[in-house]
Every structure is written in C-alpha cells, then in structure tokens.
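What follows is one structure encoded as structure tokens, with my remarks underneath.
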2 protein chains.
Amino acid sequence: MRIGELSERTSTSRRLLRYYEEQGLIVSRRSPNGYRHYDERLVDRVLQIRGLLDAGLPTRIIKQILPCLDKPRVIHFPDATPEMLATLELERDRMTERIECLIRNRDAVSEYLDTVRTNRRPEVAA
Amino acid sequence: MRIGELSERTSTSRRLLRYYEEQGLIVSRRSPNGYRHYDERLVDRVLQIRGLLDAGLPTRIIKQILPCLDKPRVIHFPDATPEMLATLELERDRMTERIECLIRNRDAVSEYLDTVRTNRRPEVAA
DNA sequence: TCGAACGATCACACGGATGTCAGGGTCGAC
DNA sequence: GTCGACCCTGACATCCGTGTGATCGTTCGA
C-alpha cells in the first residue's frame, strides 16, 4: 500500500510516517516513480510505534526494541552484542518502572473516582 | 525546606521545580525574602510528577490527576463537576492503554532476551 | 566586611515530535 | 491534454520539557 492508505489505517499523518522512516523505525520499498510502498505488516508496526511514543519512549529507544517484536519469533542475534543486550535489559527495566508508576497512579485515580461516586455528600476522609 | 534541598532530594533541577510550580503542579510558601519553602510531602509529589512525565503524560494532565493522589484519602468534590469526572475517567482509561502497551512490549523484549540467551548457551537451557 | 553559596527573575536556546506550506512530479479519469 | 488526487522533498513553525546564563538580592561563616 502507499503512504496515503497507511496513513488512514493508522491515523497517522503522512508527515509522521516519513519521519518514522527517517528515524529508522519503519522501512519502505520505492516504486520507480519514487512512491513509498508499504507491507501489510507495517500497519501493526506503526500502531506499536505510536503506542510506545505515547508511553514516553523516544524514537531512539523504540528503534532498538523493535527488532524484538517480530511476530514469528526470529532472533537476530548474530548482531546482538552483549552491550546491546545490556541496553535492552536496561530499557526493559525502565519500561517496568513506567508500568508500575502508571499502575499506581491509575489505581489512585480509580479509587478517587469510586470514592467520589459513592459518597455524594460533603465529607472528609475519616 | 528550600529549593536546593528539594532539588537534591528529588534529583530535579531547580529550574524544573520552578517550572512545575509555574505549571501549577506544586505549590510553595514564600518567606519574607521571597525564598520558596516546601513541605516535606513535596518530595514524594515531585517524584510522582517526574514518573508521570516520564511515562508520557503532559503537565496539563498531571495537574488534573494530582488531586486524586493525596495520601490521606481526601475528597475534593465540592469542585468536582461531572465533566471533570469524565475527564478523569478518560485519562484513567488512557493510562490503562499505556500500561497495556508497555506490558505487551516489555514482555516481548523480555521474551526476546530469554530466547537469545537460551540459544546462546544451549547447554544451560533448562 | 567580604566572599561563597544560595535564592530570585528573566530570557534565550535546544531537542524531539509534529504541523504546515511551498514547489514540483505522477497518474488516472474525463 | 487537462484536472484532481496523490506522491515527493525541503524548510520553517510550534509546543513542551529542559538547560543555561545574566543579573541581582540574601544569608552566613571566616
């Protein structure tokens, strides 16, 4: 598919798709006229990228973890230097921290909402 | 405590502490000479803010959910309009989405790491 | 009393993700 | 062959979190 369709199917502007490519997050083939052509799989890939960006990861990091995300579990470890694995581990741990922080705070918001809804009348916590 | 101590205890630059205040995320009292003075609780509060920022939430949103996070469960619902509650709900759901996205991808990274390590050392594979 | 360390404000700068616009090709339908 | 929809590149603009520096006032110990 071309950029317009990918854009629509991922709710992502063409500008951003080109930007992601520039950042090495996605790849495209080019037809002789220079048009980008995308594989079907790119739809999921782009959505994944957007989710991670939204979760606070910079493109630099996303680029590093993307190879881990291929659906048929293909291991690219010929180029997996120990230092690269260490980076991945570190990044995984940071994701875990983010997750825990988000869960804590989301639960607090949830609890707050529950409390507000059950006690409708002015009253302070006991 | 003054800004220097809060800065050190939260590993946050003074500049940022002033910025957070400007954005309405934290408050300070002022001594007659104009110096900011912070409550002990601000340490946790600042760390919370930094965690949420790191998780991708903008200050605008953080400001809205912070009142939900007070430790003694104090409900500030005199000013809790239904529309504000709706906003909170929406934001809570977005946090849940972020959490799920992060978990999915972190687990994929973890699995990748496991696989690489197992294949690297087949003799220790259990 | 002087200087170091700290505080305040203000302003400019930067990097990253994103929007937008300009100028120009390609292609299919009429 | 022209028009509209689509694509290309490149440049500038914006927002936001953050850094940095200038300039100045305050506090405190030697």
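Following the order of the structure tokens, chains are lettered A, B, ..., residues in each are numbered from 1, and ligands are numbered from 1.
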Set out as CSV a contact list for chain B and chain C with a cut-off of 9 Å, giving each residue of chain B that qualifies its closest atom pair and distance in Å to one decimal, counting only C-alpha atoms (C1' of nucleotides), ordered by chain and rising residue number.
residue,atom,partner,partner_atom,distance
B:Arg2,CA,C:DG7,C1',8.8
B:Ile3,CA,C:DG7,C1',8.3
B:Gly4,CA,C:DC6,C1',7.8
B:Asn33,CA,C:DG7,C1',8.9
B:Gly34,CA,C:DA8,C1',7.1
B:Tyr35,CA,C:DG7,C1',6.0
B:Arg36,CA,C:DG7,C1',8.3
Alpha helix (DSSP H) per DSSP on the backbone: members of chain A, as JSON, numbers by chain:
{"A": [3, 4, 5, 6, 7, 8, 9, 10, 14, 15, 16, 17, 18, 19, 20, 21, 22, 42, 43, 44, 45, 46, 47, 48, 49, 50, 51, 52, 53, 54, 59, 60, 61, 62, 63, 64, 65, 82, 83, 84, 85, 86, 87, 88, 89, 90, 91, 92, 93, 94, 95, 96, 97, 98, 99, 100, 101, 102, 103, 104, 105, 106, 107, 108, 109, 110, 111, 112, 113, 114, 115, 116, 117, 118]}
What residues in chain B lie within 9 Å of chain A, counting only C-alpha atoms, written as a ChimeraX atom specification?
/B:48,51-57,65-70,72-78,80,85,88-89,91-93,95-103,105-113,115-116,120
Selected residues written out with N, CA and C atoms, as a CSV table (one decimal), in the first residue's frame:
chain,number,residue,atom,x,y,z
B,48,GLN,N,6.6,11.8,42.0
B,48,GLN,CA,5.4,11.3,41.3
B,48,GLN,C,5.2,12.0,39.9
B,51,GLY,N,7.8,10.8,37.5
B,51,GLY,CA,7.4,9.5,37.0
B,51,GLY,C,6.3,9.6,35.9
B,52,LEU,N,5.3,10.4,36.2
B,52,LEU,CA,4.3,10.6,35.2
B,52,LEU,C,4.7,11.3,33.9
B,53,LEU,N,5.6,12.2,34.1
B,53,LEU,CA,6.1,12.9,32.9
B,53,LEU,C,6.9,11.9,32.1
B,54,ASP,N,7.7,11.1,32.7
B,54,ASP,CA,8.5,10.1,32.1
B,54,ASP,C,7.6,9.1,31.4
B,55,ALA,N,6.4,8.9,31.9
B,55,ALA,CA,5.5,7.9,31.3
B,55,ALA,C,4.7,8.5,30.2
B,56,GLY,N,5.0,9.8,29.9
B,56,GLY,CA,4.4,10.4,28.7
B,56,GLY,C,3.2,11.3,28.9
B,57,LEU,N,2.9,11.5,30.2
B,57,LEU,CA,1.8,12.4,30.5
B,57,LEU,C,2.2,13.9,30.4
B,65,ILE,N,-4.8,15.1,37.5
B,65,ILE,CA,-4.9,13.9,38.3
B,65,ILE,C,-4.3,14.0,39.7
B,66,LEU,N,-3.4,15.0,39.9
B,66,LEU,CA,-2.7,15.1,41.1
B,66,LEU,C,-3.6,15.2,42.4
B,67,PRO,N,-4.7,15.9,42.3
B,67,PRO,CA,-5.6,16.0,43.5
B,67,PRO,C,-6.1,14.6,43.9
B,68,CYS,N,-6.1,13.7,43.0
B,68,CYS,CA,-6.6,12.3,43.3
B,68,CYS,C,-5.6,11.6,44.1
B,69,LEU,N,-4.4,12.1,44.3
B,69,LEU,CA,-3.3,11.3,44.8
B,69,LEU,C,-2.9,11.6,46.2
B,70,ASP,N,-3.7,12.4,46.9
B,70,ASP,CA,-3.3,12.7,48.2
B,70,ASP,C,-3.4,11.5,49.1
B,72,PRO,N,-3.7,10.8,52.6
B,72,PRO,CA,-5.0,10.6,53.3
B,72,PRO,C,-6.1,10.8,52.3
B,73,ARG,N,-6.9,9.9,52.1
B,73,ARG,CA,-7.9,10.0,51.1
B,73,ARG,C,-8.9,11.1,51.3
B,74,VAL,N,-8.5,12.3,50.8
B,74,VAL,CA,-9.3,13.5,51.0
B,74,VAL,C,-10.0,13.7,49.7
B,75,ILE,N,-11.3,13.8,49.8
B,75,ILE,CA,-12.0,14.0,48.5
B,75,ILE,C,-12.3,15.5,48.3
B,76,HIS,N,-11.9,16.0,47.2
B,76,HIS,CA,-12.2,17.4,46.9
B,76,HIS,C,-13.3,17.5,45.9
B,77,PHE,N,-14.5,17.1,46.4
B,77,PHE,CA,-15.5,17.1,45.3
B,77,PHE,C,-16.5,18.2,45.3
B,78,PRO,N,-16.2,19.2,46.2
B,78,PRO,CA,-17.1,20.4,46.0
B,78,PRO,C,-16.9,21.0,44.6
B,80,ALA,N,-15.7,19.1,42.1
B,80,ALA,CA,-15.7,18.1,41.1
B,80,ALA,C,-16.9,18.0,40.2
B,85,LEU,N,-15.1,14.8,36.2
B,85,LEU,CA,-15.0,13.4,36.5
B,85,LEU,C,-14.9,12.6,35.2
B,88,LEU,N,-11.4,12.8,34.1
B,88,LEU,CA,-10.6,11.9,34.9
B,88,LEU,C,-10.7,10.4,34.4
B,89,GLU,N,-12.0,10.1,34.1
B,89,GLU,CA,-12.2,8.7,33.7
B,89,GLU,C,-11.5,8.5,32.4
B,91,GLU,N,-8.9,10.0,31.2
B,91,GLU,CA,-7.5,9.9,31.4
B,91,GLU,C,-7.1,8.6,32.1
B,92,ARG,N,-7.9,8.1,33.0
B,92,ARG,CA,-7.6,6.8,33.6
B,92,ARG,C,-7.5,5.7,32.5
B,93,ASP,N,-8.5,5.8,31.6
B,93,ASP,CA,-8.5,4.8,30.5
B,93,ASP,C,-7.3,4.9,29.6
B,95,MET,N,-4.4,5.9,30.6
B,95,MET,CA,-3.3,5.3,31.4
B,95,MET,C,-3.4,3.8,31.2
B,96,THR,N,-4.5,3.3,31.3
B,96,THR,CA,-4.7,1.8,31.2
B,96,THR,C,-4.1,1.3,29.8
B,97,GLU,N,-4.5,2.1,28.8
B,97,GLU,CA,-4.0,1.7,27.4
B,97,GLU,C,-2.4,1.8,27.4
B,98,ARG,N,-1.9,2.8,28.0
B,98,ARG,CA,-0.4,3.0,28.0
B,98,ARG,C,0.2,1.8,28.7
B,99,ILE,N,-0.5,1.4,29.9
B,99,ILE,CA,0.0,0.3,30.7
B,99,ILE,C,0.0,-1.0,29.8
B,100,GLU,N,-1.1,-1.2,29.1
B,100,GLU,CA,-1.2,-2.5,28.4
B,100,GLU,C,-0.1,-2.5,27.2
B,101,CYS,N,0.0,-1.4,26.6
B,101,CYS,CA,1.0,-1.3,25.5
B,101,CYS,C,2.4,-1.5,26.1
B,102,LEU,N,2.7,-0.9,27.2
B,102,LEU,CA,4.1,-1.1,27.7
B,102,LEU,C,4.3,-2.5,28.2
B,103,ILE,N,3.3,-3.1,28.8
B,103,ILE,CA,3.4,-4.5,29.2
B,103,ILE,C,3.6,-5.4,28.0
B,105,ASN,N,4.9,-4.8,25.1
B,105,ASN,CA,6.2,-4.6,24.5
B,105,ASN,C,7.3,-5.0,25.4
B,106,ARG,N,7.1,-4.7,26.7
B,106,ARG,CA,8.2,-5.2,27.6
B,106,ARG,C,8.3,-6.7,27.6
B,107,ASP,N,7.1,-7.4,27.7
B,107,ASP,CA,7.2,-8.8,27.7
B,107,ASP,C,7.8,-9.4,26.4
B,108,ALA,N,7.6,-8.7,25.3
B,108,ALA,CA,8.2,-9.1,24.0
B,108,ALA,C,9.7,-9.0,24.1
B,109,VAL,N,10.1,-7.9,24.7
B,109,VAL,CA,11.6,-7.7,24.9
B,109,VAL,C,12.2,-8.7,25.8
B,110,SER,N,11.5,-9.0,26.9
B,110,SER,CA,11.9,-10.0,27.8
B,110,SER,C,12.0,-11.4,27.1
B,111,GLU,N,11.0,-11.7,26.4
B,111,GLU,CA,11.0,-13.0,25.7
B,111,GLU,C,12.1,-13.1,24.8
B,112,TYR,N,12.4,-12.0,24.1
B,112,TYR,CA,13.5,-11.9,23.1
B,112,TYR,C,14.8,-12.2,23.8
B,113,LEU,N,15.0,-11.5,24.9
B,113,LEU,CA,16.2,-11.7,25.7
B,113,LEU,C,16.4,-13.1,26.2
B,115,THR,N,15.1,-15.8,24.8
B,115,THR,CA,15.4,-16.7,23.7
B,115,THR,C,16.9,-16.5,23.3
B,116,VAL,N,17.3,-15.3,23.2
B,116,VAL,CA,18.7,-15.1,22.8
B,116,VAL,C,19.6,-15.8,23.7
B,120,ARG,N,22.0,-19.0,23.0
B,120,ARG,CA,23.5,-18.7,23.1
B,120,ARG,C,24.1,-19.8,23.9
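Taking CA of Leu47 (chain B) as the reference point, CA of Arg9 (chain B) is found at 9.4 Å.
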Minimum-distance residue to chain D, chosen among B:Thr87, B:Ser13, B:Ser28, B:Gln64 (using only C-alpha atoms (C1' of nucleotides)):
B:Ser13
So that I can check the surroundings of Leu6 (chain B), please list as an NGL selection string every protein, DNA and RNA residue that reaches within 10 Å of it, counting only C-alpha atoms (C1' of nucleotides) and ignoring chain neighbours fewer than 2 positions away.
:B and (1-4 or 8-14 or 17 or 37-40 or 42-43 or 46)
Can you show chain A as a short mmCIF file (atom, residue, chain, number, x, y, z; two decimals) with N, CA and C atoms, in the first residue's frame once it has been least-squares superposed onto chain B, using every C-alpha atom paired in order?
data_model
loop_
_atom_site.label_atom_id
_atom_site.label_comp_id
_atom_site.auth_asym_id
_atom_site.auth_seq_id
_atom_site.Cartn_x
_atom_site.Cartn_y
_atom_site.Cartn_z
N MET A 1 11.15 23.98 53.71
CA MET A 1 12.50 23.94 53.13
C MET A 1 12.55 24.82 51.89
N ARG A 2 13.76 25.23 51.52
CA ARG A 2 13.88 26.06 50.33
C ARG A 2 14.19 25.20 49.10
N ILE A 3 14.31 25.86 47.99
CA ILE A 3 14.37 25.12 46.73
C ILE A 3 15.61 24.22 46.63
N GLY A 4 16.70 24.67 47.23
CA GLY A 4 17.91 23.89 47.16
C GLY A 4 17.75 22.53 47.81
N GLU A 5 17.16 22.51 48.97
CA GLU A 5 16.97 21.25 49.68
C GLU A 5 15.99 20.35 48.93
N LEU A 6 14.90 20.94 48.49
CA LEU A 6 13.93 20.13 47.74
C LEU A 6 14.59 19.54 46.49
N SER A 7 15.39 20.36 45.88
CA SER A 7 16.11 19.91 44.68
C SER A 7 16.98 18.70 44.99
N GLU A 8 17.72 18.79 46.06
CA GLU A 8 18.60 17.68 46.42
C GLU A 8 17.82 16.43 46.81
N ARG A 9 16.80 16.63 47.61
CA ARG A 9 16.06 15.47 48.11
C ARG A 9 15.23 14.80 47.04
N THR A 10 15.03 15.47 45.92
CA THR A 10 14.24 14.84 44.85
C THR A 10 15.07 14.61 43.60
N SER A 11 16.34 14.94 43.69
CA SER A 11 17.21 14.81 42.51
C SER A 11 16.60 15.51 41.30
N THR A 12 16.11 16.68 41.54
CA THR A 12 15.44 17.45 40.50
C THR A 12 16.03 18.85 40.47
N SER A 13 16.39 19.31 39.31
CA SER A 13 17.04 20.61 39.23
C SER A 13 16.11 21.74 39.70
N ARG A 14 16.70 22.80 40.20
CA ARG A 14 15.90 23.94 40.63
C ARG A 14 15.07 24.44 39.47
N ARG A 15 15.72 24.47 38.33
CA ARG A 15 15.03 24.90 37.13
C ARG A 15 13.71 24.16 36.95
N LEU A 16 13.75 22.85 37.12
CA LEU A 16 12.55 22.05 36.90
C LEU A 16 11.52 22.30 37.99
N LEU A 17 11.97 22.48 39.20
CA LEU A 17 11.01 22.74 40.27
C LEU A 17 10.25 24.03 39.98
N ARG A 18 10.98 25.03 39.49
CA ARG A 18 10.30 26.29 39.14
C ARG A 18 9.35 26.06 37.96
N TYR A 19 9.79 25.22 37.06
CA TYR A 19 8.95 24.91 35.90
C TYR A 19 7.67 24.20 36.33
N TYR A 20 7.80 23.24 37.23
CA TYR A 20 6.62 22.53 37.70
C TYR A 20 5.65 23.49 38.38
N GLU A 21 6.22 24.44 39.09
CA GLU A 21 5.35 25.42 39.75
C GLU A 21 4.64 26.27 38.70
N GLU A 22 5.40 26.67 37.71
CA GLU A 22 4.82 27.47 36.63
C GLU A 22 3.68 26.71 35.95
N GLN A 23 3.83 25.40 35.87
CA GLN A 23 2.81 24.57 35.24
C GLN A 23 1.68 24.21 36.20
N GLY A 24 1.78 24.69 37.41
CA GLY A 24 0.70 24.44 38.36
C GLY A 24 0.73 23.07 39.00
N LEU A 25 1.87 22.40 38.96
CA LEU A 25 1.96 21.06 39.54
C LEU A 25 2.28 21.11 41.02
N ILE A 26 3.01 22.12 41.43
CA ILE A 26 3.31 22.27 42.84
C ILE A 26 3.11 23.74 43.21
N VAL A 27 3.01 23.99 44.50
CA VAL A 27 2.87 25.37 44.97
C VAL A 27 3.94 25.63 46.01
N SER A 28 4.19 26.88 46.24
CA SER A 28 5.16 27.24 47.26
C SER A 28 4.69 28.52 47.94
N ARG A 29 5.06 28.64 49.18
CA ARG A 29 4.86 29.93 49.84
C ARG A 29 6.12 30.74 49.58
N ARG A 30 6.01 32.02 49.74
CA ARG A 30 7.18 32.86 49.55
C ARG A 30 7.49 33.59 50.85
N SER A 31 8.74 33.61 51.21
CA SER A 31 9.12 34.45 52.35
C SER A 31 9.28 35.88 51.82
N PRO A 32 9.32 36.86 52.72
CA PRO A 32 9.31 38.27 52.30
C PRO A 32 10.39 38.59 51.27
N ASN A 33 11.48 37.88 51.32
CA ASN A 33 12.54 38.16 50.36
C ASN A 33 12.28 37.50 49.00
N GLY A 34 11.17 36.79 48.88
CA GLY A 34 10.85 36.21 47.58
C GLY A 34 11.27 34.75 47.46
N TYR A 35 11.98 34.24 48.42
CA TYR A 35 12.42 32.85 48.36
C TYR A 35 11.22 31.92 48.45
N ARG A 36 11.28 30.85 47.67
CA ARG A 36 10.23 29.84 47.76
C ARG A 36 10.43 28.99 49.01
N HIS A 37 9.34 28.61 49.60
CA HIS A 37 9.41 27.74 50.77
C HIS A 37 8.45 26.59 50.57
N TYR A 38 8.96 25.38 50.79
CA TYR A 38 8.16 24.20 50.48
C TYR A 38 7.82 23.39 51.71
N ASP A 39 6.66 22.80 51.64
CA ASP A 39 6.19 21.90 52.67
C ASP A 39 6.91 20.56 52.51
N GLU A 40 7.04 19.88 53.62
CA GLU A 40 7.66 18.56 53.62
C GLU A 40 7.01 17.61 52.60
N ARG A 41 5.71 17.69 52.49
CA ARG A 41 4.98 16.79 51.60
C ARG A 41 5.40 16.92 50.14
N LEU A 42 5.98 18.06 49.83
CA LEU A 42 6.35 18.31 48.44
C LEU A 42 7.38 17.31 47.93
N VAL A 43 8.16 16.74 48.84
CA VAL A 43 9.16 15.77 48.41
C VAL A 43 8.48 14.61 47.68
N ASP A 44 7.51 14.02 48.33
CA ASP A 44 6.79 12.92 47.68
C ASP A 44 6.07 13.39 46.42
N ARG A 45 5.50 14.53 46.52
CA ARG A 45 4.75 15.05 45.38
C ARG A 45 5.64 15.20 44.14
N VAL A 46 6.80 15.74 44.36
CA VAL A 46 7.72 15.93 43.24
C VAL A 46 8.14 14.58 42.66
N LEU A 47 8.41 13.63 43.54
CA LEU A 47 8.80 12.31 43.05
C LEU A 47 7.67 11.67 42.23
N GLN A 48 6.46 11.90 42.70
CA GLN A 48 5.31 11.39 41.97
C GLN A 48 5.24 12.02 40.58
N ILE A 49 5.43 13.31 40.56
CA ILE A 49 5.40 14.03 39.28
C ILE A 49 6.46 13.48 38.34
N ARG A 50 7.62 13.28 38.85
CA ARG A 50 8.70 12.79 37.99
C ARG A 50 8.42 11.39 37.47
N GLY A 51 7.85 10.59 38.31
CA GLY A 51 7.49 9.24 37.87
C GLY A 51 6.47 9.29 36.74
N LEU A 52 5.49 10.13 36.89
CA LEU A 52 4.45 10.23 35.87
C LEU A 52 4.99 10.82 34.58
N LEU A 53 5.83 11.82 34.70
CA LEU A 53 6.45 12.39 33.51
C LEU A 53 7.26 11.32 32.80
N ASP A 54 8.00 10.58 33.58
CA ASP A 54 8.83 9.53 33.01
C ASP A 54 7.97 8.45 32.34
N ALA A 55 6.76 8.31 32.83
CA ALA A 55 5.87 7.31 32.26
C ALA A 55 5.11 7.86 31.07
N GLY A 56 5.47 9.06 30.66
CA GLY A 56 4.91 9.57 29.42
C GLY A 56 3.74 10.51 29.55
N LEU A 57 3.32 10.83 30.77
CA LEU A 57 2.21 11.76 30.92
C LEU A 57 2.72 13.19 30.84
N PRO A 58 2.00 14.03 30.13
CA PRO A 58 2.38 15.44 30.05
C PRO A 58 1.93 16.19 31.30
N THR A 59 2.57 17.30 31.57
CA THR A 59 2.25 18.07 32.77
C THR A 59 0.77 18.43 32.83
N ARG A 60 0.20 18.68 31.67
CA ARG A 60 -1.21 19.07 31.60
C ARG A 60 -2.10 18.01 32.27
N ILE A 61 -1.80 16.76 31.98
CA ILE A 61 -2.59 15.66 32.53
C ILE A 61 -2.24 15.42 33.99
N ILE A 62 -0.97 15.45 34.28
CA ILE A 62 -0.53 15.24 35.66
C ILE A 62 -1.22 16.22 36.59
N LYS A 63 -1.32 17.44 36.11
CA LYS A 63 -1.98 18.47 36.91
C LYS A 63 -3.40 18.07 37.26
N GLN A 64 -4.05 17.41 36.31
CA GLN A 64 -5.44 17.02 36.56
C GLN A 64 -5.58 15.87 37.53
N ILE A 65 -4.63 14.96 37.49
CA ILE A 65 -4.81 13.80 38.36
C ILE A 65 -4.19 14.01 39.74
N LEU A 66 -3.35 14.99 39.88
CA LEU A 66 -2.71 15.21 41.18
C LEU A 66 -3.69 15.39 42.33
N PRO A 67 -4.79 16.11 42.14
CA PRO A 67 -5.71 16.28 43.27
C PRO A 67 -6.27 14.95 43.76
N CYS A 68 -6.19 13.91 42.94
CA CYS A 68 -6.71 12.60 43.36
C CYS A 68 -5.74 11.90 44.30
N LEU A 69 -4.56 12.47 44.44
CA LEU A 69 -3.49 11.72 45.06
C LEU A 69 -3.18 12.12 46.49
N ASP A 70 -4.00 12.99 47.04
CA ASP A 70 -3.72 13.42 48.41
C ASP A 70 -3.89 12.26 49.37
N LYS A 71 -2.95 12.18 50.26
CA LYS A 71 -2.86 10.99 51.12
C LYS A 71 -4.07 10.82 52.03
N PRO A 72 -4.38 11.85 52.86
CA PRO A 72 -5.67 11.66 53.54
C PRO A 72 -6.71 11.81 52.46
N ARG A 73 -7.53 10.82 52.32
CA ARG A 73 -8.47 10.84 51.19
C ARG A 73 -9.44 12.00 51.28
N VAL A 74 -9.01 13.11 50.75
CA VAL A 74 -9.85 14.30 50.73
C VAL A 74 -10.49 14.43 49.36
N ILE A 75 -11.77 14.50 49.38
CA ILE A 75 -12.45 14.62 48.09
C ILE A 75 -12.75 16.08 47.79
N HIS A 76 -12.24 16.51 46.68
CA HIS A 76 -12.53 17.88 46.24
C HIS A 76 -13.64 17.81 45.20
N PHE A 77 -14.83 17.45 45.64
CA PHE A 77 -15.81 17.31 44.58
C PHE A 77 -16.75 18.49 44.44
N PRO A 78 -16.61 19.50 45.26
CA PRO A 78 -17.41 20.69 44.94
C PRO A 78 -17.10 21.18 43.53
N ASP A 79 -15.82 21.06 43.14
CA ASP A 79 -15.45 21.55 41.81
C ASP A 79 -15.33 20.42 40.80
N ALA A 80 -15.78 19.24 41.18
CA ALA A 80 -15.66 18.11 40.27
C ALA A 80 -16.86 18.05 39.34
N THR A 81 -16.76 18.73 38.26
CA THR A 81 -17.84 18.71 37.28
C THR A 81 -17.88 17.34 36.62
N PRO A 82 -19.03 16.96 36.10
CA PRO A 82 -19.15 15.65 35.43
C PRO A 82 -18.14 15.53 34.31
N GLU A 83 -17.91 16.62 33.63
CA GLU A 83 -16.98 16.57 32.50
C GLU A 83 -15.55 16.34 32.97
N MET A 84 -15.26 16.86 34.16
CA MET A 84 -13.93 16.65 34.73
C MET A 84 -13.78 15.19 35.13
N LEU A 85 -14.85 14.63 35.67
CA LEU A 85 -14.79 13.22 36.04
C LEU A 85 -14.60 12.35 34.80
N ALA A 86 -15.24 12.74 33.73
CA ALA A 86 -15.10 11.99 32.48
C ALA A 86 -13.65 12.04 32.01
N THR A 87 -13.06 13.21 32.12
CA THR A 87 -11.65 13.35 31.74
C THR A 87 -10.78 12.43 32.58
N LEU A 88 -11.05 12.40 33.87
CA LEU A 88 -10.28 11.55 34.75
C LEU A 88 -10.43 10.09 34.37
N GLU A 89 -11.64 9.71 34.06
CA GLU A 89 -11.88 8.33 33.67
C GLU A 89 -11.10 7.99 32.41
N LEU A 90 -11.18 8.89 31.47
CA LEU A 90 -10.47 8.67 30.21
C LEU A 90 -8.97 8.52 30.48
N GLU A 91 -8.49 9.37 31.31
CA GLU A 91 -7.05 9.35 31.58
C GLU A 91 -6.66 8.09 32.34
N ARG A 92 -7.52 7.68 33.23
CA ARG A 92 -7.27 6.43 33.94
C ARG A 92 -7.19 5.26 32.96
N ASP A 93 -8.08 5.27 31.98
CA ASP A 93 -8.07 4.19 31.00
C ASP A 93 -6.80 4.23 30.16
N ARG A 94 -6.35 5.41 29.85
CA ARG A 94 -5.10 5.50 29.09
C ARG A 94 -3.93 5.02 29.91
N MET A 95 -3.97 5.27 31.19
CA MET A 95 -2.91 4.76 32.04
C MET A 95 -2.94 3.24 32.03
N THR A 96 -4.13 2.68 32.07
CA THR A 96 -4.25 1.23 32.02
C THR A 96 -3.67 0.68 30.73
N GLU A 97 -3.94 1.37 29.64
CA GLU A 97 -3.37 0.92 28.37
C GLU A 97 -1.85 0.96 28.40
N ARG A 98 -1.33 2.04 28.92
CA ARG A 98 0.13 2.15 29.03
C ARG A 98 0.67 1.00 29.86
N ILE A 99 0.00 0.75 30.97
CA ILE A 99 0.45 -0.32 31.86
C ILE A 99 0.49 -1.65 31.13
N GLU A 100 -0.58 -1.92 30.41
CA GLU A 100 -0.64 -3.21 29.71
C GLU A 100 0.44 -3.32 28.64
N CYS A 101 0.63 -2.24 27.94
CA CYS A 101 1.67 -2.23 26.91
C CYS A 101 3.04 -2.46 27.53
N LEU A 102 3.31 -1.76 28.61
CA LEU A 102 4.60 -1.90 29.26
C LEU A 102 4.80 -3.31 29.80
N ILE A 103 3.76 -3.87 30.39
CA ILE A 103 3.87 -5.22 30.94
C ILE A 103 4.16 -6.22 29.83
N ARG A 104 3.39 -6.14 28.75
CA ARG A 104 3.60 -7.05 27.63
C ARG A 104 5.06 -7.00 27.18
N ASN A 105 5.54 -5.79 26.98
CA ASN A 105 6.87 -5.66 26.41
C ASN A 105 7.95 -5.99 27.43
N ARG A 106 7.72 -5.62 28.66
CA ARG A 106 8.71 -5.99 29.66
C ARG A 106 8.81 -7.50 29.79
N ASP A 107 7.67 -8.16 29.79
CA ASP A 107 7.69 -9.61 29.90
C ASP A 107 8.41 -10.24 28.73
N ALA A 108 8.22 -9.65 27.55
CA ALA A 108 8.93 -10.18 26.37
C ALA A 108 10.43 -10.02 26.55
N VAL A 109 10.83 -8.89 27.07
CA VAL A 109 12.27 -8.67 27.29
C VAL A 109 12.78 -9.68 28.32
N SER A 110 12.02 -9.85 29.37
CA SER A 110 12.39 -10.80 30.41
C SER A 110 12.54 -12.20 29.85
N GLU A 111 11.56 -12.58 29.08
CA GLU A 111 11.58 -13.93 28.52
C GLU A 111 12.79 -14.09 27.60
N TYR A 112 13.05 -13.06 26.85
CA TYR A 112 14.21 -13.09 25.96
C TYR A 112 15.49 -13.29 26.77
N LEU A 113 15.62 -12.51 27.82
CA LEU A 113 16.81 -12.62 28.66
C LEU A 113 16.94 -14.02 29.24
N ASP A 114 15.83 -14.55 29.71
CA ASP A 114 15.85 -15.90 30.28
C ASP A 114 16.33 -16.91 29.24
N THR A 115 15.76 -16.78 28.05
CA THR A 115 16.11 -17.74 27.01
C THR A 115 17.58 -17.65 26.65
N VAL A 116 18.05 -16.44 26.49
CA VAL A 116 19.45 -16.27 26.15
C VAL A 116 20.35 -16.89 27.22
N ARG A 117 19.98 -16.68 28.45
CA ARG A 117 20.84 -17.16 29.52
C ARG A 117 20.83 -18.68 29.67
N THR A 118 19.71 -19.29 29.36
CA THR A 118 19.66 -20.74 29.52
C THR A 118 20.32 -21.47 28.35
N ASN A 119 20.04 -21.02 27.11
CA ASN A 119 20.76 -21.62 25.98
C ASN A 119 21.93 -20.75 25.63
N ARG A 120 23.05 -21.18 26.01
CA ARG A 120 24.23 -20.39 25.69
C ARG A 120 24.73 -20.63 24.28
N ARG A 121 24.27 -21.75 23.68
CA ARG A 121 24.83 -22.14 22.38
C ARG A 121 23.93 -21.74 21.22
N PRO A 122 24.56 -21.42 20.09
CA PRO A 122 23.82 -21.01 18.90
C PRO A 122 22.73 -22.01 18.54
N GLU A 123 21.56 -21.54 18.46
CA GLU A 123 20.41 -22.39 18.15
C GLU A 123 19.23 -21.47 17.92
N VAL A 124 18.38 -21.87 17.03
CA VAL A 124 17.22 -21.05 16.74
C VAL A 124 15.99 -21.72 17.32
N ALA A 125 15.01 -20.91 17.56
CA ALA A 125 13.80 -21.43 18.21
C ALA A 125 13.20 -22.58 17.41
N ALA A 126 12.66 -23.53 18.14
CA ALA A 126 12.08 -24.71 17.49
C ALA A 126 10.64 -24.41 17.08
#
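Comparing the minimum interatomic distances between chain B and each of D:DC16, D:DC24, D:DA11, D:DC6, counting only C-alpha atoms (C1' of nucleotides), we find that D:DC16 sits nearest.
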Within 10 Å of chain B, which residues of chain D are there when counting only C-alpha atoms (C1' of nucleotides)? Please give them as a count of residues only.
7
Report the residues of chain A whose backbone DSSP state falls under strand (DSSP E or B), written as a list in words.
Arg29, Arg30, Arg36 and His37 of chain A
Write the residues you've just listed into a file as an mmCIF file, in the first residue's frame, and include N, CA and C atoms for each of them.
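Output contents, as saved in result_38.cif:
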data_model
loop_
_atom_site.group_PDB
_atom_site.id
_atom_site.type_symbol
_atom_site.label_atom_id
_atom_site.label_comp_id
_atom_site.auth_asym_id
_atom_site.auth_seq_id
_atom_site.Cartn_x
_atom_site.Cartn_y
_atom_site.Cartn_z
ATOM 1 N N ARG A 29 9.630 0.163 0.510
ATOM 2 C CA ARG A 29 10.216 -0.005 -0.815
ATOM 3 C C ARG A 29 9.766 1.194 -1.634
ATOM 4 N N ARG A 30 10.466 1.447 -2.703
ATOM 5 C CA ARG A 30 10.072 2.552 -3.562
ATOM 6 C C ARG A 30 9.742 2.025 -4.944
ATOM 7 N N ARG A 36 6.565 5.657 -1.999
ATOM 8 C CA ARG A 36 6.806 4.638 -0.983
ATOM 9 C C ARG A 36 5.747 3.546 -1.077
ATOM 10 N N HIS A 37 6.169 2.342 -0.825
ATOM 11 C CA HIS A 37 5.228 1.225 -0.831
ATOM 12 C C HIS A 37 5.440 0.426 0.436
#
